[in-house]
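Have a look at the structure below before the remarks.
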Amino acid sequence: MTLTVRGLDLPDFPWDSLAPYKARAVAHPGGIVDLSVGTPVDPTPEVVRRALAEAADAPGYPLTVGTTDVRQAVVEWFERRRGVAGLTVDCVLPTIGSKELVAWLPTLLGLGSGDVVGIPAVAYPTYDIGARIAGAASVVAQSLTSLGPLTASTTPKLLWINSPGNPNGQVLGVGHLRKVVQWARQHGVVVASDECYAELDWREGQFGTSTPSILHPDVSGGDHTGLLAVYSLSKQSNLAGYRAAFVAGDPAIVRTILEVRKHAGMIMPTPVQHAMAVALRDDTHVQAQRTAYARRREQLLAAVTRAGLRVDHSEAGLYLWATREEDCWATVSDLADRGILVAPGAFYGAAGARHVRIALTATDERIAAACERL
Ligand SMILES: Cc1ncc(COP(=O)(O)O)c(C=O)c1O
């Protein structure tokens, strides 16, 4: 059944179809190990909680554009953590988590019927939902050549890329990103790069422990025209409950988005703006969180591999993208019988039909239980 609102076709919420498998996993004598969603389980860092409390007296309306302080914190973070210099506060906008921005960006950019949004072959489902909300269509643009010969009506107006990727943990290198930018410029396409796992890269790379950004000078040539980077503190700082995220890049696009958001009341609460500024300036808690996930990943990766699954990509982010070369629902079913709930790859597109996504977001105790059962 699809929900139809004003001619809008929204699919069933995919997680509802996992319910029978969840019931089986819950029945395991040792209890369920739920690795089906990427929701953080570790405490929100003390430094951020304190910042939230400091800003709790907030009788007046916040500005949609955000305080200068929070936007300056984003500018500094890009320079310090991502090697992106030259941004100003006019290039930055706070968002109420990044899911809402992903879901509304096509609408905020004025896309509608007849327009096309490019999305990855296996992708966070909200990229497609955002196209649908705008009345546009989404098309898989795994490689730019996969789009085939382009005409005015088949060229995407907006291209989503996601690195590190959800669900598959793939990191797009500088060379790949540069080609995407060159192609987008040739065709007048806006590129939105969802980088919400950028601080959770398990390799030592060019940028230390952080993933290359679309805004990096080696990618963009120092020109951010037509480019947006989307980032969230949900994962790096255990702030999913705060709804703390931002978009940054081309100041002209940011201004357009801001104008619509002002009218629509899409405003980050004042205490969250302050908490986000403080979180962005504190690298210590991010390092501690990264260490915790690295440990869980190492244990789970070894156990999953020992159990006969092959893990593809997964070089960054919070998931293992694993396959037993069978239909994903068969793997989901088998793991549910062992009390472990994972997400079927089919949730992320037809290309994921033979993989499952195994999240690292569980306590050390639950990860140990999963390893034992595997
Ligand atoms: C790729 C990707 N983008 C965006 C989000 C949304 O994050 P949030 O709304 O918590 O900022 C998620 C959450 O899992 C995600 O995996």
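Ordering of the structure tokens sets the chain letters (A, B, ...), residue numbers begin anew at 1 in every chain, and ligands are numbered from 1 in the order given.
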Taking only C-alpha atoms and all ligand atoms into account, which residues have an atom no farther than 8 Å from ligand 1? I'd like them as a VMD selection string. chain A and resid 37 to 39 96 to 100 102 123 to 124 126 162 165 to 167 194 to 197 231 to 235 239 to 241 243 to 245
Going by DSSP on the backbone, which bits of stretch 115-315 of chain A are alpha helix (DSSP H)? Write them as a count of residues only, please. 76
Quick one: pull the distance between atom CA of A:Trp160 and atom CA of A:Ala141, Å, one decimal. 8.7 Å
A:Ser333, A:Thr151, A:Gln299, A:Ser138 ranked by distance to A:Ala368, top pick (using only C-alpha atoms):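 Selected residue with least distance to A:Ala368: A:Gln299.
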Any chance you could tabulate, as a tab-separated table, the residues of stretch 243-357 of chain A at most 9 Å from stretch 44-47 of chain A with each one's nearest atom pair and distance in Å to one decimal, using only C-alpha atoms, in chain and rising number order?
residue	atom	partner	partner_atom	distance
A:Ala275	CA	A:Val47	CA	8.6
A:Val278	CA	A:Val47	CA	7.6
A:Ala279	CA	A:Val47	CA	7.5
A:Asp282	CA	A:Val47	CA	8.3
A:His285	CA	A:Pro45	CA	6.6
Work out how far apart atom CA of A:Leu150 and atom CA of A:Leu8 are and give it in Å to one decimal.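 Atom CA of A:Leu8 lies 26.4 Å from atom CA of A:Leu150.
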Residues of stretch 71-143 of chain A that approach stretch 249-271 of chain A to 9 Å or less, counting only C-alpha atoms: could you list each one with the shortest pair of atoms and its distance in Å to one decimal, rows by chain and increasing residue number, as CSV?
residue,atom,partner,partner_atom,distance
A:Leu87,CA,A:Gly249,CA,7.6
A:Thr88,CA,A:Pro251,CA,8.7
A:Asp90,CA,A:Pro251,CA,5.9
A:Cys91,CA,A:Pro251,CA,4.5
A:Val92,CA,A:Gly249,CA,6.8
A:Leu93,CA,A:Val254,CA,6.9
A:Pro94,CA,A:Met268,CA,6.5
A:Thr95,CA,A:Met268,CA,6.1
A:Ile96,CA,A:Met268,CA,5.4
A:Gly97,CA,A:Met268,CA,8.7
A:Leu105,CA,A:Ile257,CA,8.0
A:Leu108,CA,A:Ile257,CA,5.6
A:Leu109,CA,A:Ile257,CA,6.8
So that I have them on file, write out the residues from the current selection with all heavy atoms, as a JSON list (two decimals), in the first residue's frame.
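Below is the file out17.json, written as the result:
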[["chain", "number", "residue", "atom", "x", "y", "z"],
["A", 87, "LEU", "N", 35.72, 29.36, 3.16],
["A", 87, "LEU", "CA", 34.28, 29.51, 3.38],
["A", 87, "LEU", "C", 34.05, 30.73, 4.27],
["A", 87, "LEU", "O", 34.91, 31.09, 5.08],
["A", 87, "LEU", "CB", 33.69, 28.28, 4.08],
["A", 87, "LEU", "CG", 33.60, 26.99, 3.28],
["A", 87, "LEU", "CD1", 33.09, 25.85, 4.17],
["A", 87, "LEU", "CD2", 32.65, 27.16, 2.09],
["A", 88, "THR", "N", 32.90, 31.36, 4.14],
["A", 88, "THR", "CA", 32.51, 32.43, 5.06],
["A", 88, "THR", "C", 31.17, 32.03, 5.67],
["A", 88, "THR", "O", 30.54, 31.06, 5.21],
["A", 88, "THR", "CB", 32.33, 33.77, 4.32],
["A", 88, "THR", "OG1", 31.20, 33.61, 3.44],
["A", 88, "THR", "CG2", 33.56, 34.15, 3.53],
["A", 90, "ASP", "N", 28.43, 33.22, 5.25],
["A", 90, "ASP", "CA", 27.34, 33.29, 4.25],
["A", 90, "ASP", "C", 27.21, 32.01, 3.43],
["A", 90, "ASP", "O", 26.27, 31.86, 2.65],
["A", 90, "ASP", "CB", 27.58, 34.46, 3.28],
["A", 90, "ASP", "CG", 27.54, 35.77, 4.01],
["A", 90, "ASP", "OD1", 26.84, 35.85, 5.05],
["A", 90, "ASP", "OD2", 28.22, 36.71, 3.56],
["A", 91, "CYS", "N", 28.18, 31.13, 3.59],
["A", 91, "CYS", "CA", 28.15, 29.86, 2.82],
["A", 91, "CYS", "C", 27.52, 28.75, 3.64],
["A", 91, "CYS", "O", 27.53, 27.59, 3.21],
["A", 91, "CYS", "CB", 29.57, 29.43, 2.46],
["A", 91, "CYS", "SG", 30.52, 30.67, 1.60],
["A", 92, "VAL", "N", 27.01, 29.05, 4.84],
["A", 92, "VAL", "CA", 26.64, 28.02, 5.82],
["A", 92, "VAL", "C", 25.22, 28.24, 6.33],
["A", 92, "VAL", "O", 24.82, 29.38, 6.57],
["A", 92, "VAL", "CB", 27.62, 28.08, 7.02],
["A", 92, "VAL", "CG1", 27.18, 27.13, 8.12],
["A", 92, "VAL", "CG2", 29.03, 27.78, 6.58],
["A", 93, "LEU", "N", 24.50, 27.16, 6.54],
["A", 93, "LEU", "CA", 23.14, 27.24, 7.07],
["A", 93, "LEU", "C", 22.88, 26.05, 7.99],
["A", 93, "LEU", "O", 23.10, 24.91, 7.57],
["A", 93, "LEU", "CB", 22.17, 27.18, 5.89],
["A", 93, "LEU", "CG", 20.73, 27.60, 6.07],
["A", 93, "LEU", "CD1", 20.64, 29.04, 6.54],
["A", 93, "LEU", "CD2", 19.99, 27.44, 4.74],
["A", 94, "PRO", "N", 22.43, 26.29, 9.24],
["A", 94, "PRO", "CA", 22.10, 25.14, 10.09],
["A", 94, "PRO", "C", 20.80, 24.48, 9.63],
["A", 94, "PRO", "O", 19.90, 25.16, 9.13],
["A", 94, "PRO", "CB", 21.92, 25.76, 11.49],
["A", 94, "PRO", "CG", 21.66, 27.20, 11.25],
["A", 94, "PRO", "CD", 22.22, 27.58, 9.91],
["A", 95, "THR", "N", 20.72, 23.16, 9.79],
["A", 95, "THR", "CA", 19.49, 22.44, 9.43],
["A", 95, "THR", "C", 19.07, 21.56, 10.61],
["A", 95, "THR", "O", 19.88, 21.24, 11.47],
["A", 95, "THR", "CB", 19.70, 21.57, 8.17],
["A", 95, "THR", "OG1", 20.71, 20.59, 8.44],
["A", 95, "THR", "CG2", 20.13, 22.40, 6.98],
["A", 96, "ILE", "N", 17.81, 21.18, 10.61],
["A", 96, "ILE", "CA", 17.23, 20.48, 11.77],
["A", 96, "ILE", "C", 17.49, 18.98, 11.61],
["A", 96, "ILE", "O", 16.61, 18.19, 11.28],
["A", 96, "ILE", "CB", 15.73, 20.82, 11.88],
["A", 96, "ILE", "CG1", 15.51, 22.32, 11.68],
["A", 96, "ILE", "CG2", 15.18, 20.37, 13.24],
["A", 96, "ILE", "CD1", 14.10, 22.70, 11.27],
["A", 97, "GLY", "N", 18.75, 18.59, 11.78],
["A", 97, "GLY", "CA", 19.19, 17.28, 11.32],
["A", 97, "GLY", "C", 19.37, 17.37, 9.82],
["A", 97, "GLY", "O", 18.95, 18.35, 9.19],
["A", 105, "LEU", "N", 15.34, 19.31, -0.07],
["A", 105, "LEU", "CA", 16.23, 20.09, -0.95],
["A", 105, "LEU", "C", 15.67, 20.27, -2.36],
["A", 105, "LEU", "O", 15.67, 21.39, -2.89],
["A", 105, "LEU", "CB", 17.64, 19.49, -0.97],
["A", 105, "LEU", "CG", 18.67, 20.34, -1.74],
["A", 105, "LEU", "CD1", 18.84, 21.73, -1.13],
["A", 105, "LEU", "CD2", 20.01, 19.62, -1.82],
["A", 108, "LEU", "N", 13.13, 22.92, -2.08],
["A", 108, "LEU", "CA", 13.73, 24.22, -1.75],
["A", 108, "LEU", "C", 14.43, 24.83, -2.97],
["A", 108, "LEU", "O", 14.53, 26.04, -3.10],
["A", 108, "LEU", "CB", 14.75, 24.07, -0.61],
["A", 108, "LEU", "CG", 14.18, 23.66, 0.76],
["A", 108, "LEU", "CD1", 15.30, 23.30, 1.73],
["A", 108, "LEU", "CD2", 13.31, 24.76, 1.34],
["A", 109, "LEU", "N", 14.92, 23.97, -3.87],
["A", 109, "LEU", "CA", 15.60, 24.45, -5.07],
["A", 109, "LEU", "C", 14.61, 24.72, -6.22],
["A", 109, "LEU", "O", 15.02, 25.06, -7.32],
["A", 109, "LEU", "CB", 16.66, 23.44, -5.53],
["A", 109, "LEU", "CG", 17.85, 23.24, -4.59],
["A", 109, "LEU", "CD1", 18.79, 22.16, -5.13],
["A", 109, "LEU", "CD2", 18.60, 24.54, -4.38]]
Counting only C-alpha atoms, what is within 6 Å of A:Pro156, bar same-chain residues fewer than 3 positions away, as a list in words?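 Final neighbour list, sorted by chain and number: Val116, Val117 and Gly118 of chain A.
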Could you write out that same residue set with C-alpha atoms as an mmCIF file, in the first residue's frame?
data_model
loop_
_atom_site.group_PDB
_atom_site.id
_atom_site.type_symbol
_atom_site.label_atom_id
_atom_site.label_comp_id
_atom_site.auth_asym_id
_atom_site.auth_seq_id
_atom_site.Cartn_x
_atom_site.Cartn_y
_atom_site.Cartn_z
ATOM 1 C CA VAL A 116 15.088 14.657 -12.433
ATOM 2 C CA VAL A 117 17.229 14.058 -9.323
ATOM 3 C CA GLY A 118 20.246 11.734 -9.621
#
A:Gly339: which residues within 9 Å, counting only C-alpha atoms, same-chain residues fewer than 6 positions away excluded, as a short mmCIF file (atom, residue, chain, number, x, y, z; two decimals) with N, CA and C atoms, in the first residue's frame?
data_model
loop_
_atom_site.label_atom_id
_atom_site.label_comp_id
_atom_site.auth_asym_id
_atom_site.auth_seq_id
_atom_site.Cartn_x
_atom_site.Cartn_y
_atom_site.Cartn_z
N LYS A 22 12.07 -9.04 13.47
CA LYS A 22 12.40 -8.47 14.78
C LYS A 22 11.78 -9.33 15.88
N ARG A 24 11.18 -12.44 15.83
CA ARG A 24 11.98 -13.67 15.98
C ARG A 24 13.27 -13.40 16.73
N ALA A 25 13.93 -12.28 16.43
CA ALA A 25 15.19 -11.95 17.10
C ALA A 25 14.96 -11.66 18.58
N VAL A 26 13.85 -11.01 18.88
CA VAL A 26 13.53 -10.67 20.28
C VAL A 26 13.35 -11.96 21.09
N ALA A 27 12.85 -13.00 20.43
CA ALA A 27 12.57 -14.27 21.13
C ALA A 27 13.84 -15.04 21.49
N HIS A 28 14.99 -14.60 20.99
CA HIS A 28 16.25 -15.30 21.32
C HIS A 28 16.46 -15.25 22.84
N PRO A 29 16.89 -16.37 23.44
CA PRO A 29 17.05 -16.40 24.91
C PRO A 29 17.99 -15.31 25.43
N GLY A 30 18.96 -14.92 24.62
CA GLY A 30 19.90 -13.86 25.06
C GLY A 30 19.42 -12.47 24.68
N GLY A 31 18.20 -12.37 24.15
CA GLY A 31 17.67 -11.06 23.75
C GLY A 31 18.16 -10.65 22.36
N ILE A 32 17.51 -9.65 21.81
CA ILE A 32 17.84 -9.20 20.45
C ILE A 32 19.15 -8.39 20.45
N VAL A 33 19.93 -8.56 19.38
CA VAL A 33 21.00 -7.59 19.07
C VAL A 33 20.50 -6.86 17.82
N ASP A 34 20.09 -5.62 18.01
CA ASP A 34 19.48 -4.89 16.91
C ASP A 34 20.55 -4.09 16.17
N ALA A 370 26.61 -10.45 19.63
CA ALA A 370 26.45 -10.76 18.19
C ALA A 370 27.63 -11.61 17.71
N ARG A 373 27.26 -15.19 18.77
CA ARG A 373 26.22 -15.93 18.04
C ARG A 373 26.61 -16.22 16.60
#
Name all residues at most 9 Å from A:Thr363 (count only C-alpha atoms; drop same-chain ones fewer than 6 positions away) and give them as a CSV table (one decimal) with N, CA, C and O atoms, in the first residue's frame.
chain,number,residue,atom,x,y,z
A,41,VAL,N,24.0,4.9,20.3
A,41,VAL,CA,23.6,4.4,21.6
A,41,VAL,C,24.5,4.9,22.7
A,41,VAL,O,24.1,4.7,23.9
A,42,ASP,N,25.6,5.5,22.4
A,42,ASP,CA,26.5,6.0,23.5
A,42,ASP,C,26.0,7.3,24.0
A,42,ASP,O,25.3,8.0,23.2
A,296,ARG,N,34.5,-1.8,17.8
A,296,ARG,CA,33.3,-2.6,17.5
A,296,ARG,C,33.4,-3.2,16.1
A,296,ARG,O,33.0,-4.3,15.8
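Neighbouring residues of A:Ile133 at 9 Å or closer, counting only C-alpha atoms and skipping chain neighbours under 4 positions away, are Leu8, Asp9, Leu10, Ala103, Trp104, Pro106, Thr107, Gly112, Asp128 and Ile129 of chain A.
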Tell me which of A:Trp329, A:Leu18, A:Pro62, A:Ala303 sits closest to A:Ala369, counting only C-alpha atoms.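 That would be A:Ala303, the residue with the smallest distance to A:Ala369.
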Could you please write out, as JSON, numbers by chain, every residue of stretch 152-201 of chain A that DSSP assigns to strand (DSSP E)? {"A": [158, 159, 160, 161, 162, 190, 191, 192, 193, 194]}
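Closest approach to A:Ile367 among A:Glu298, A:Asp312, A:Glu204, A:Asp337 is made by A:Glu298 (distances from only C-alpha atoms).
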Within 6 Å of stretch 346-361 of chain A, counting only C-alpha atoms, which residues qualify if same-chain residues fewer than 3 places away don't, as an MDAnalysis selection string? chainID A and resid 35 38 40 122:123 318:323 325:328 342:343
Write out the residues from the selection above, keeping all heavy atoms, as a CSV table (one decimal), in the first residue's frame.
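In the end it all went to again_1.csv:
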chain,number,residue,atom,x,y,z
A,35,LEU,N,21.0,-4.6,15.0
A,35,LEU,CA,22.0,-3.9,14.2
A,35,LEU,C,21.3,-3.4,12.9
A,35,LEU,O,22.0,-3.3,11.8
A,35,LEU,CB,23.1,-4.8,13.9
A,35,LEU,CG,23.8,-5.5,15.1
A,35,LEU,CD1,25.0,-6.4,14.7
A,35,LEU,CD2,24.3,-4.4,16.1
A,38,GLY,N,21.0,2.7,12.2
A,38,GLY,CA,22.2,3.4,12.6
A,38,GLY,C,22.0,4.4,13.7
A,38,GLY,O,22.6,5.5,13.6
A,40,PRO,N,22.7,6.1,17.1
A,40,PRO,CA,23.8,6.1,18.2
A,40,PRO,C,23.2,5.6,19.5
A,40,PRO,O,22.1,6.0,19.9
A,40,PRO,CB,24.3,7.5,18.2
A,40,PRO,CG,24.0,8.1,16.9
A,40,PRO,CD,22.7,7.4,16.5
A,122,VAL,N,22.8,2.2,-4.7
A,122,VAL,CA,22.4,1.8,-3.4
A,122,VAL,C,22.4,3.1,-2.5
A,122,VAL,O,23.5,3.7,-2.4
A,122,VAL,CB,23.1,0.6,-2.8
A,122,VAL,CG1,22.8,-0.7,-3.4
A,122,VAL,CG2,24.6,0.9,-2.7
A,123,ALA,N,21.3,3.4,-2.0
A,123,ALA,CA,21.3,4.8,-1.4
A,123,ALA,C,20.3,4.9,-0.2
A,123,ALA,O,19.4,4.1,-0.1
A,123,ALA,CB,20.8,5.8,-2.5
A,318,LEU,N,29.3,3.6,9.4
A,318,LEU,CA,28.8,2.9,10.6
A,318,LEU,C,28.2,1.5,10.2
A,318,LEU,O,27.4,1.0,11.0
A,318,LEU,CB,27.8,3.7,11.4
A,318,LEU,CG,28.5,4.9,12.2
A,318,LEU,CD1,27.4,5.7,12.9
A,318,LEU,CD2,29.5,4.3,13.1
A,319,TYR,N,28.5,1.0,9.0
A,319,TYR,CA,27.9,-0.3,8.6
A,319,TYR,C,28.9,-1.2,8.0
A,319,TYR,O,29.9,-0.8,7.4
A,319,TYR,CB,26.8,0.1,7.6
A,319,TYR,CG,25.9,1.2,8.1
A,319,TYR,CD1,26.0,2.5,7.5
A,319,TYR,CD2,24.9,1.0,9.1
A,319,TYR,CE1,25.3,3.5,8.0
A,319,TYR,CE2,24.1,2.0,9.5
A,319,TYR,CZ,24.3,3.3,9.0
A,319,TYR,OH,23.6,4.3,9.5
A,320,LEU,N,28.6,-2.5,8.1
A,320,LEU,CA,29.2,-3.5,7.3
A,320,LEU,C,28.2,-3.9,6.2
A,320,LEU,O,27.1,-4.2,6.5
A,320,LEU,CB,29.6,-4.7,8.1
A,320,LEU,CG,30.6,-4.5,9.3
A,320,LEU,CD1,30.9,-5.8,10.0
A,320,LEU,CD2,31.9,-3.8,8.8
A,321,TRP,N,28.7,-3.9,4.9
A,321,TRP,CA,27.8,-4.2,3.8
A,321,TRP,C,28.2,-5.6,3.4
A,321,TRP,O,29.2,-5.8,2.8
A,321,TRP,CB,28.1,-3.1,2.7
A,321,TRP,CG,27.3,-3.2,1.5
A,321,TRP,CD1,27.7,-3.3,0.2
A,321,TRP,CD2,25.8,-3.1,1.4
A,321,TRP,NE1,26.7,-3.2,-0.7
A,321,TRP,CE2,25.5,-3.1,0.0
A,321,TRP,CE3,24.8,-3.0,2.3
A,321,TRP,CZ2,24.2,-3.0,-0.5
A,321,TRP,CZ3,23.5,-2.9,1.8
A,321,TRP,CH2,23.2,-2.9,0.5
A,322,ALA,N,27.4,-6.6,3.8
A,322,ALA,CA,27.8,-8.0,3.7
A,322,ALA,C,26.9,-8.8,2.9
A,322,ALA,O,25.7,-8.5,2.8
A,322,ALA,CB,27.8,-8.5,5.2
A,323,THR,N,27.4,-9.8,2.3
A,323,THR,CA,26.7,-10.7,1.4
A,323,THR,C,27.0,-12.2,1.6
A,323,THR,O,28.2,-12.5,1.9
A,323,THR,CB,26.8,-10.3,-0.1
A,323,THR,OG1,26.0,-11.2,-0.8
A,323,THR,CG2,28.3,-10.4,-0.5
A,325,GLU,N,25.9,-14.0,-1.0
A,325,GLU,CA,25.6,-14.3,-2.4
A,325,GLU,C,24.2,-15.0,-2.4
A,325,GLU,O,24.0,-16.0,-3.1
A,325,GLU,CB,26.6,-15.2,-3.0
A,325,GLU,CG,28.0,-14.6,-3.1
A,325,GLU,CD,28.1,-13.5,-4.1
A,325,GLU,OE1,27.1,-13.1,-4.7
A,325,GLU,OE2,29.2,-12.9,-4.3
A,326,GLU,N,23.2,-14.5,-1.7
A,326,GLU,CA,21.9,-15.0,-1.7
A,326,GLU,C,20.9,-13.8,-1.6
A,326,GLU,O,21.4,-12.7,-1.3
A,326,GLU,CB,21.7,-16.0,-0.6
A,326,GLU,CG,21.8,-15.3,0.8
A,326,GLU,CD,21.7,-16.3,2.0
A,326,GLU,OE1,21.5,-17.5,1.8
A,326,GLU,OE2,21.7,-15.8,3.1
A,327,ASP,N,19.7,-14.1,-1.7
A,327,ASP,CA,18.7,-13.0,-1.5
A,327,ASP,C,18.8,-12.5,-0.1
A,327,ASP,O,18.9,-13.2,0.9
A,327,ASP,CB,17.3,-13.6,-1.7
A,327,ASP,CG,16.2,-12.5,-1.6
A,327,ASP,OD1,16.0,-11.9,-2.7
A,327,ASP,OD2,15.7,-12.3,-0.5
A,328,CYS,N,18.8,-11.1,0.0
A,328,CYS,CA,19.1,-10.5,1.3
A,328,CYS,C,18.1,-11.0,2.4
A,328,CYS,O,18.5,-11.1,3.5
A,328,CYS,CB,19.0,-9.0,1.1
A,328,CYS,SG,17.5,-8.3,0.6
A,342,VAL,N,19.3,-7.4,11.2
A,342,VAL,CA,20.1,-6.5,10.3
A,342,VAL,C,19.1,-6.0,9.2
A,342,VAL,O,18.0,-6.5,9.1
A,342,VAL,CB,21.2,-7.3,9.6
A,342,VAL,CG1,22.2,-7.8,10.6
A,342,VAL,CG2,20.7,-8.4,8.7
A,343,ALA,N,19.5,-5.0,8.4
A,343,ALA,CA,18.7,-4.4,7.4
A,343,ALA,C,18.9,-5.1,6.1
A,343,ALA,O,20.1,-5.3,5.7
A,343,ALA,CB,18.9,-2.9,7.3
